[in-house]
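These notes concern the structure reproduced below.
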Amino acid sequence: MHSFVASARPWLAAGLLAALLLVAAPAPAASAVPTTSAVPVTSAGTVAAADTGSLTTTVRDAATGAPVRACVNLVPLDRDRYTGVTLGGTQLGRHSGCSGEQGDIVVEGVEPGRYQLFARPYDQQLHGLQWVGRFGGTGQRQHAAVVRVAAGATATAPQIRLDPPGSVTGTLTDSVTAAPAARVHVTVVPLVPHPKYTPDEPATDNAGRYTVTGLGPYRWPLQFFGSPFYAVQWSGGVGNVRRAQTVQVRAGQTVTFDQTLRAATTISGKVIIDELGNYSPLLAFNVVTGDLVGVEYPGDTYQLLVVPGQVVKLRCHCGHGPGKWHPTGTAFSDAAPVPVGRNPIVIDFDLTGTG
């Protein structure tokens, strides 16, 4: 068995968050998503500098206390900000910063609100990814420390203490046919795949094999997405990450986690619109966590695969204006929850006059 590792590129700008590390097994050469191709999936107004705050923290090696170079993303708890994803990007918010030689990070111009931090070391062969906890790293977002940023003030986040990395390898199979699941992407952060550019994470090979590297030695949930054949799902075959089967990563070791990909429920319908925009995604978000759990690029109709056993909210960013939540409105709180069972669901979007 040959395993392939995606190159880490922490020096890239925040707009290329899809360059995180993550997977792989053999796949056709992947094209990096150009920054010019990123299209906002929701409109996010800018905030005047006087109405923003700052955040500061330091990055250290957990064992020695030596400064470490790393970048950090400020991931909002607010659902509307968290669901403001970008085409071809990861669901990590819009604020980020990187440390200098002494490990100091200052992020300025941050919108007031509550955030959790996701740390990405420069050298992911020496240190692993982590959600930043109060006293060290964690692989689960719900266990990350919460930092409140206020306008005109500087918030101090917990010190980021980086641990050595480990890896996860395994095989994905189809629950119906038991055949290997090829071309399925594996990640630890939800991603909006671009319909034209291959995600930076290579897919599983024809035997369904994958390898994820550069993870901190904690318990991690893994997310699998393989549209148009498989619904987005977390390890254990669930849509809610808090119910996922986590994988214990160990420093300097490779652990095995195999997954049978669960059969999906189809949400389908019509998209009625004056003019359909290029690369117009229809998105599903888990109601409890706000995580992206489904992506489809519709024409006059759509078929969105969603793993059953969860409640979702739908947004169609199909025109040239702000995306529209189902059945109406521009905010996550406006949307109607859609329980997803085993039976197909029909939901139409009428976006006439909103483009």
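The chains in the structure tokens are called A, B, ... from first to last as shown; in each chain the residues are counted from 1, and the ligands are counted from 1 in the order shown.
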
Can you list, as an mmCIF file with N, CA and C atoms, in the first residue's frame, every protein, DNA or RNA residue that comes within 12 Å of Val241 of chain A when you count only C-alpha atoms, leaving out same-chain residues fewer than 4 positions away?
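The new file around_26.cif reads:
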data_model
loop_
_atom_site.group_PDB
_atom_site.id
_atom_site.type_symbol
_atom_site.label_atom_id
_atom_site.label_comp_id
_atom_site.auth_asym_id
_atom_site.auth_seq_id
_atom_site.Cartn_x
_atom_site.Cartn_y
_atom_site.Cartn_z
ATOM 1 N N GLY A 139 -8.709 18.030 19.444
ATOM 2 C CA GLY A 139 -9.117 17.776 18.070
ATOM 3 C C GLY A 139 -10.582 18.063 17.819
ATOM 4 N N GLN A 140 -11.308 18.513 18.852
ATOM 5 C CA GLN A 140 -12.753 18.719 18.731
ATOM 6 C C GLN A 140 -13.105 20.177 18.986
ATOM 7 N N ARG A 141 -13.777 20.765 18.024
ATOM 8 C CA ARG A 141 -14.101 22.186 18.110
ATOM 9 C C ARG A 141 -14.909 22.509 19.366
ATOM 10 N N GLN A 142 -15.829 21.631 19.746
ATOM 11 C CA GLN A 142 -16.684 21.931 20.897
ATOM 12 C C GLN A 142 -15.898 21.981 22.208
ATOM 13 N N VAL A 188 -10.648 17.465 8.392
ATOM 14 C CA VAL A 188 -11.095 17.675 9.773
ATOM 15 C C VAL A 188 -11.847 18.991 9.913
ATOM 16 N N VAL A 189 -11.933 19.753 8.829
ATOM 17 C CA VAL A 189 -12.656 21.025 8.804
ATOM 18 C C VAL A 189 -13.571 21.027 7.587
ATOM 19 N N PRO A 190 -14.864 21.354 7.730
ATOM 20 C CA PRO A 190 -15.763 21.375 6.570
ATOM 21 C C PRO A 190 -15.230 22.256 5.446
ATOM 22 N N TRP A 220 -9.886 13.098 17.184
ATOM 23 C CA TRP A 220 -10.355 13.890 16.046
ATOM 24 C C TRP A 220 -11.578 13.231 15.396
ATOM 25 N N PRO A 221 -12.592 14.016 15.018
ATOM 26 C CA PRO A 221 -13.602 13.541 14.075
ATOM 27 C C PRO A 221 -13.090 13.787 12.656
ATOM 28 N N LEU A 222 -13.428 12.902 11.746
ATOM 29 C CA LEU A 222 -13.049 13.068 10.341
ATOM 30 C C LEU A 222 -14.303 13.305 9.518
ATOM 31 N N GLN A 223 -14.211 14.197 8.546
ATOM 32 C CA GLN A 223 -15.348 14.426 7.656
ATOM 33 C C GLN A 223 -15.022 13.883 6.271
ATOM 34 N N PHE A 224 -15.985 13.157 5.694
ATOM 35 C CA PHE A 224 -15.836 12.554 4.368
ATOM 36 C C PHE A 224 -16.832 13.210 3.414
ATOM 37 N N VAL A 232 -22.002 14.263 2.492
ATOM 38 C CA VAL A 232 -21.034 14.690 3.488
ATOM 39 C C VAL A 232 -21.406 14.048 4.820
ATOM 40 N N GLN A 233 -20.427 13.431 5.470
ATOM 41 C CA GLN A 233 -20.705 12.786 6.751
ATOM 42 C C GLN A 233 -19.453 12.716 7.602
ATOM 43 N N TRP A 234 -19.672 12.770 8.912
ATOM 44 C CA TRP A 234 -18.566 12.649 9.857
ATOM 45 C C TRP A 234 -18.326 11.182 10.179
ATOM 46 N N SER A 235 -17.163 10.896 10.700
ATOM 47 C CA SER A 235 -16.825 9.522 11.083
ATOM 48 C C SER A 235 -17.899 8.953 12.000
ATOM 49 N N GLY A 236 -18.306 7.739 11.686
ATOM 50 C CA GLY A 236 -19.450 7.127 12.365
ATOM 51 C C GLY A 236 -20.722 7.261 11.562
ATOM 52 N N GLY A 237 -20.664 7.983 10.417
ATOM 53 C CA GLY A 237 -21.814 8.093 9.526
ATOM 54 C C GLY A 237 -22.894 9.022 10.028
ATOM 55 N N GLN A 245 -17.870 9.525 15.667
ATOM 56 C CA GLN A 245 -16.919 8.599 16.271
ATOM 57 C C GLN A 245 -15.528 9.185 16.092
ATOM 58 N N THR A 246 -14.893 9.561 17.171
ATOM 59 C CA THR A 246 -13.597 10.219 17.073
ATOM 60 C C THR A 246 -12.467 9.200 16.983
ATOM 61 N N PHE A 285 -26.616 23.138 6.092
ATOM 62 C CA PHE A 285 -25.857 23.296 7.330
ATOM 63 C C PHE A 285 -26.584 22.570 8.459
ATOM 64 N N ASN A 286 -25.831 21.880 9.301
ATOM 65 C CA ASN A 286 -26.422 21.223 10.452
ATOM 66 C C ASN A 286 -26.947 22.277 11.421
ATOM 67 N N VAL A 287 -28.179 22.121 11.883
ATOM 68 C CA VAL A 287 -28.816 23.121 12.738
ATOM 69 C C VAL A 287 -28.094 23.268 14.073
ATOM 70 N N VAL A 288 -27.620 22.179 14.639
ATOM 71 C CA VAL A 288 -27.012 22.204 15.966
ATOM 72 C C VAL A 288 -25.628 22.837 15.937
ATOM 73 N N THR A 289 -24.801 22.455 14.968
ATOM 74 C CA THR A 289 -23.392 22.879 14.958
ATOM 75 C C THR A 289 -23.093 24.008 13.983
ATOM 76 N N GLY A 290 -23.940 24.183 12.961
ATOM 77 C CA GLY A 290 -23.661 25.148 11.909
ATOM 78 C C GLY A 290 -22.684 24.649 10.869
ATOM 79 N N ASP A 291 -22.206 23.404 11.010
ATOM 80 C CA ASP A 291 -21.242 22.859 10.045
ATOM 81 C C ASP A 291 -21.890 22.615 8.691
ATOM 82 N N LEU A 292 -21.115 22.821 7.644
ATOM 83 C CA LEU A 292 -21.549 22.507 6.292
ATOM 84 C C LEU A 292 -21.673 20.995 6.140
ATOM 85 N N VAL A 293 -22.846 20.511 5.713
ATOM 86 C CA VAL A 293 -23.066 19.068 5.592
ATOM 87 C C VAL A 293 -23.643 18.675 4.237
ATOM 88 N N GLN A 310 -30.432 13.906 10.991
ATOM 89 C CA GLN A 310 -30.048 15.242 11.439
ATOM 90 C C GLN A 310 -31.098 16.249 10.973
#

Problem - Within 7 Å of segment 150-160 of chain A using only C-alpha atoms, minus same-chain residues under 6 positions, as a count of residues only - result: 16

Exercise for the section: Measure the distance from atom CA of Gly341 of chain A to atom CA of Pro308 of chain A in Å and round it to one decimal. Expected result: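 Taking atom CA of Gly341 of chain A and atom CA of Pro308 of chain A, their separation equals 4.9 Å.
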
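Atom CA of Ala264 of chain A is found 28.1 Å from atom CA of Ser167 of chain A.
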
Practice task
For each of A:Val306, A:Thr254, A:Asp174, A:Thr328, take the minimum atom-to-atom distance to Val212 of chain A, counting only C-alpha atoms, then give the residue where this is smallest.
Solution key: A:Thr254

Practice task
Find, counting only C-alpha atoms, the residue in A:Phe349, A:Tyr230, A:Phe225, A:Phe332 that gets nearest to Leu282 of chain A.
Solution key: A:Phe349

Practice task
Using DSSP on the backbone, list every residue of segment 102-350 of chain A that comes out as strand (DSSP E), and give them as a PyMOL selection string.
Solution key: chain A and resi 104-110+113-121+130-132+137-138+147-149+154-156+160-162+166-174+185-187+209-215+219-220+223-226+230-234+247-248+254-256+259-261+265-272+282-286+292-296+301-306+310-316+324-325+338-340+345-346+349-350

Fill in the blank from the handout: One residue among A:Gly239, A:Thr265, A:Arg120, A:Ile347 is nearest to Pro327 of chain A when using only C-alpha atoms, and that residue is A:Ile347

Practice task
Would you mind listing what lies within 12 Å of Val176 of chain A as a PyMOL selection string, with only C-alpha atoms counted and same-chain residues fewer than 5 positions away left out?
Solution key: chain A and resi 181+229-230+260-264

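If only C-alpha atoms are the atoms counted, then among A:Leu351, A:Ile272, A:Thr171, A:Ile345 the closest residue to Gly323 of chain A is A:Leu351.
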
Exercise for the section: Find, counting only C-alpha atoms, the residue in A:Gly329, A:Pro337, A:Gly299, A:Pro193 that gets nearest to Pro228 of chain A. Expected result: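 Closest to Pro228 of chain A, using only C-alpha atoms: A:Pro193.
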
Problem - Non-local contacts of Thr138 of chain A (10 Å; only C-alpha atoms; under 4 positions in same chain excluded) as number ranges by chain - result: A: 118, 129-134, 142-145, 216-220

Generate the output file for the selected residues, all heavy atoms, as a CSV table (one decimal), in the first residue's frame.
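This went into result_29.csv:
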chain,number,residue,atom,x,y,z
A,118,PHE,N,-8.2,27.9,15.6
A,118,PHE,CA,-7.7,26.7,15.0
A,118,PHE,C,-6.3,27.0,14.6
A,118,PHE,O,-6.0,27.9,13.8
A,118,PHE,CB,-8.6,26.3,13.8
A,118,PHE,CG,-8.2,25.0,13.1
A,118,PHE,CD1,-8.6,23.8,13.7
A,118,PHE,CD2,-7.4,25.0,12.0
A,118,PHE,CE1,-8.3,22.6,13.1
A,118,PHE,CE2,-7.1,23.7,11.4
A,118,PHE,CZ,-7.5,22.6,12.0
A,129,LEU,N,-1.8,20.0,13.8
A,129,LEU,CA,-2.9,20.9,13.9
A,129,LEU,C,-3.7,20.7,15.2
A,129,LEU,O,-3.6,19.7,15.8
A,129,LEU,CB,-3.9,20.5,12.8
A,129,LEU,CG,-3.5,20.7,11.3
A,129,LEU,CD1,-4.6,20.1,10.4
A,129,LEU,CD2,-3.3,22.2,11.0
A,130,GLN,N,-4.3,21.8,15.6
A,130,GLN,CA,-5.1,21.7,16.8
A,130,GLN,C,-6.2,22.8,16.9
A,130,GLN,O,-6.0,23.9,16.3
A,130,GLN,CB,-4.3,21.8,18.1
A,130,GLN,CG,-3.6,23.1,18.3
A,130,GLN,CD,-3.1,23.3,19.7
A,130,GLN,OE1,-3.6,24.1,20.5
A,130,GLN,NE2,-2.0,22.5,20.0
A,131,TRP,N,-7.3,22.4,17.5
A,131,TRP,CA,-8.2,23.5,18.1
A,131,TRP,C,-7.6,23.9,19.4
A,131,TRP,O,-7.1,23.0,20.2
A,131,TRP,CB,-9.6,22.9,18.3
A,131,TRP,CG,-10.4,22.7,17.0
A,131,TRP,CD1,-10.5,21.5,16.3
A,131,TRP,CD2,-11.1,23.7,16.3
A,131,TRP,NE1,-11.3,21.7,15.2
A,131,TRP,CE2,-11.6,23.1,15.1
A,131,TRP,CE3,-11.3,25.1,16.5
A,131,TRP,CZ2,-12.4,23.7,14.2
A,131,TRP,CZ3,-12.0,25.8,15.5
A,131,TRP,CH2,-12.6,25.1,14.4
A,132,VAL,N,-7.5,25.1,19.7
A,132,VAL,CA,-6.8,25.6,20.9
A,132,VAL,C,-7.7,25.6,22.1
A,132,VAL,O,-8.8,26.2,22.2
A,132,VAL,CB,-6.4,27.1,20.6
A,132,VAL,CG1,-5.6,27.6,21.9
A,132,VAL,CG2,-5.5,27.2,19.4
A,133,GLY,N,-7.3,24.8,23.1
A,133,GLY,CA,-8.0,24.6,24.3
A,133,GLY,C,-7.4,25.6,25.4
A,133,GLY,O,-6.5,26.3,25.2
A,134,ARG,N,-8.0,25.6,26.5
A,134,ARG,CA,-7.6,26.5,27.6
A,134,ARG,C,-6.2,26.1,28.1
A,134,ARG,O,-5.4,26.9,28.5
A,134,ARG,CB,-8.5,26.4,28.8
A,134,ARG,CG,-9.9,27.0,28.5
A,134,ARG,CD,-10.8,27.0,29.7
A,134,ARG,NE,-10.2,27.7,30.8
A,134,ARG,CZ,-10.7,27.6,32.1
A,134,ARG,NH1,-11.7,26.8,32.4
A,134,ARG,NH2,-10.1,28.3,33.1
A,142,GLN,N,-15.8,21.6,19.7
A,142,GLN,CA,-16.7,21.9,20.9
A,142,GLN,C,-15.9,22.0,22.2
A,142,GLN,O,-16.4,22.5,23.2
A,142,GLN,CB,-17.8,20.9,21.0
A,142,GLN,CG,-17.4,19.5,21.3
A,142,GLN,CD,-17.3,18.7,20.0
A,142,GLN,OE1,-16.9,19.2,19.0
A,142,GLN,NE2,-17.6,17.4,20.1
A,143,HIS,N,-14.7,21.5,22.2
A,143,HIS,CA,-13.8,21.5,23.4
A,143,HIS,C,-12.8,22.7,23.4
A,143,HIS,O,-12.0,22.8,24.3
A,143,HIS,CB,-13.1,20.2,23.6
A,143,HIS,CG,-14.0,19.1,23.9
A,143,HIS,ND1,-13.6,17.7,23.7
A,143,HIS,CD2,-15.3,19.0,24.3
A,143,HIS,CE1,-14.6,17.0,24.0
A,143,HIS,NE2,-15.7,17.7,24.4
A,144,ALA,N,-12.8,23.5,22.3
A,144,ALA,CA,-11.9,24.6,22.2
A,144,ALA,C,-12.3,25.7,23.1
A,144,ALA,O,-13.5,25.9,23.4
A,144,ALA,CB,-11.8,25.1,20.7
A,145,ALA,N,-11.3,26.5,23.5
A,145,ALA,CA,-11.5,27.7,24.4
A,145,ALA,C,-12.3,28.7,23.6
A,145,ALA,O,-12.2,28.8,22.3
A,145,ALA,CB,-10.2,28.2,24.9
A,216,GLY,N,-2.6,16.9,15.5
A,216,GLY,CA,-2.2,16.8,16.8
A,216,GLY,C,-2.6,15.6,17.5
A,216,GLY,O,-3.6,15.0,17.1
A,217,PRO,N,-1.9,15.1,18.6
A,217,PRO,CA,-2.3,13.8,19.2
A,217,PRO,C,-3.5,13.9,20.2
A,217,PRO,O,-3.4,13.8,21.4
A,217,PRO,CB,-1.0,13.5,20.0
A,217,PRO,CG,-0.4,14.9,20.4
A,217,PRO,CD,-0.8,15.8,19.2
A,218,TYR,N,-4.6,14.1,19.6
A,218,TYR,CA,-5.9,14.2,20.3
A,218,TYR,C,-6.9,13.3,19.6
A,218,TYR,O,-6.7,12.7,18.6
A,218,TYR,CB,-6.3,15.7,20.3
A,218,TYR,CG,-5.2,16.7,20.3
A,218,TYR,CD1,-5.0,17.6,19.3
A,218,TYR,CD2,-4.4,16.8,21.4
A,218,TYR,CE1,-4.0,18.5,19.3
A,218,TYR,CE2,-3.3,17.7,21.4
A,218,TYR,CZ,-3.1,18.5,20.4
A,218,TYR,OH,-2.1,19.4,20.4
A,219,ARG,N,-8.1,13.4,20.1
A,219,ARG,CA,-9.2,12.7,19.5
A,219,ARG,C,-9.8,13.6,18.4
A,219,ARG,O,-10.3,14.7,18.7
A,219,ARG,CB,-10.3,12.3,20.5
A,219,ARG,CG,-9.8,11.3,21.6
A,219,ARG,CD,-10.9,10.6,22.3
A,219,ARG,NE,-11.5,9.6,21.4
A,219,ARG,CZ,-11.1,8.4,21.2
A,219,ARG,NH1,-10.1,7.9,21.9
A,219,ARG,NH2,-11.8,7.6,20.3
A,220,TRP,N,-9.9,13.1,17.2
A,220,TRP,CA,-10.4,13.9,16.0
A,220,TRP,C,-11.6,13.2,15.4
A,220,TRP,O,-11.6,12.0,15.1
A,220,TRP,CB,-9.3,14.0,15.0
A,220,TRP,CG,-8.1,14.9,15.3
A,220,TRP,CD1,-7.0,14.5,15.9
A,220,TRP,CD2,-8.0,16.3,15.0
A,220,TRP,NE1,-6.1,15.6,16.1
A,220,TRP,CE2,-6.8,16.7,15.5
A,220,TRP,CE3,-8.9,17.2,14.4
A,220,TRP,CZ2,-6.3,18.0,15.4
A,220,TRP,CZ3,-8.4,18.5,14.3
A,220,TRP,CH2,-7.2,18.9,14.8

Problem - atom CA of Val147 of chain A to atom CA of Val68 of chain A, straight-line distance in Å - result: 21.2 Å
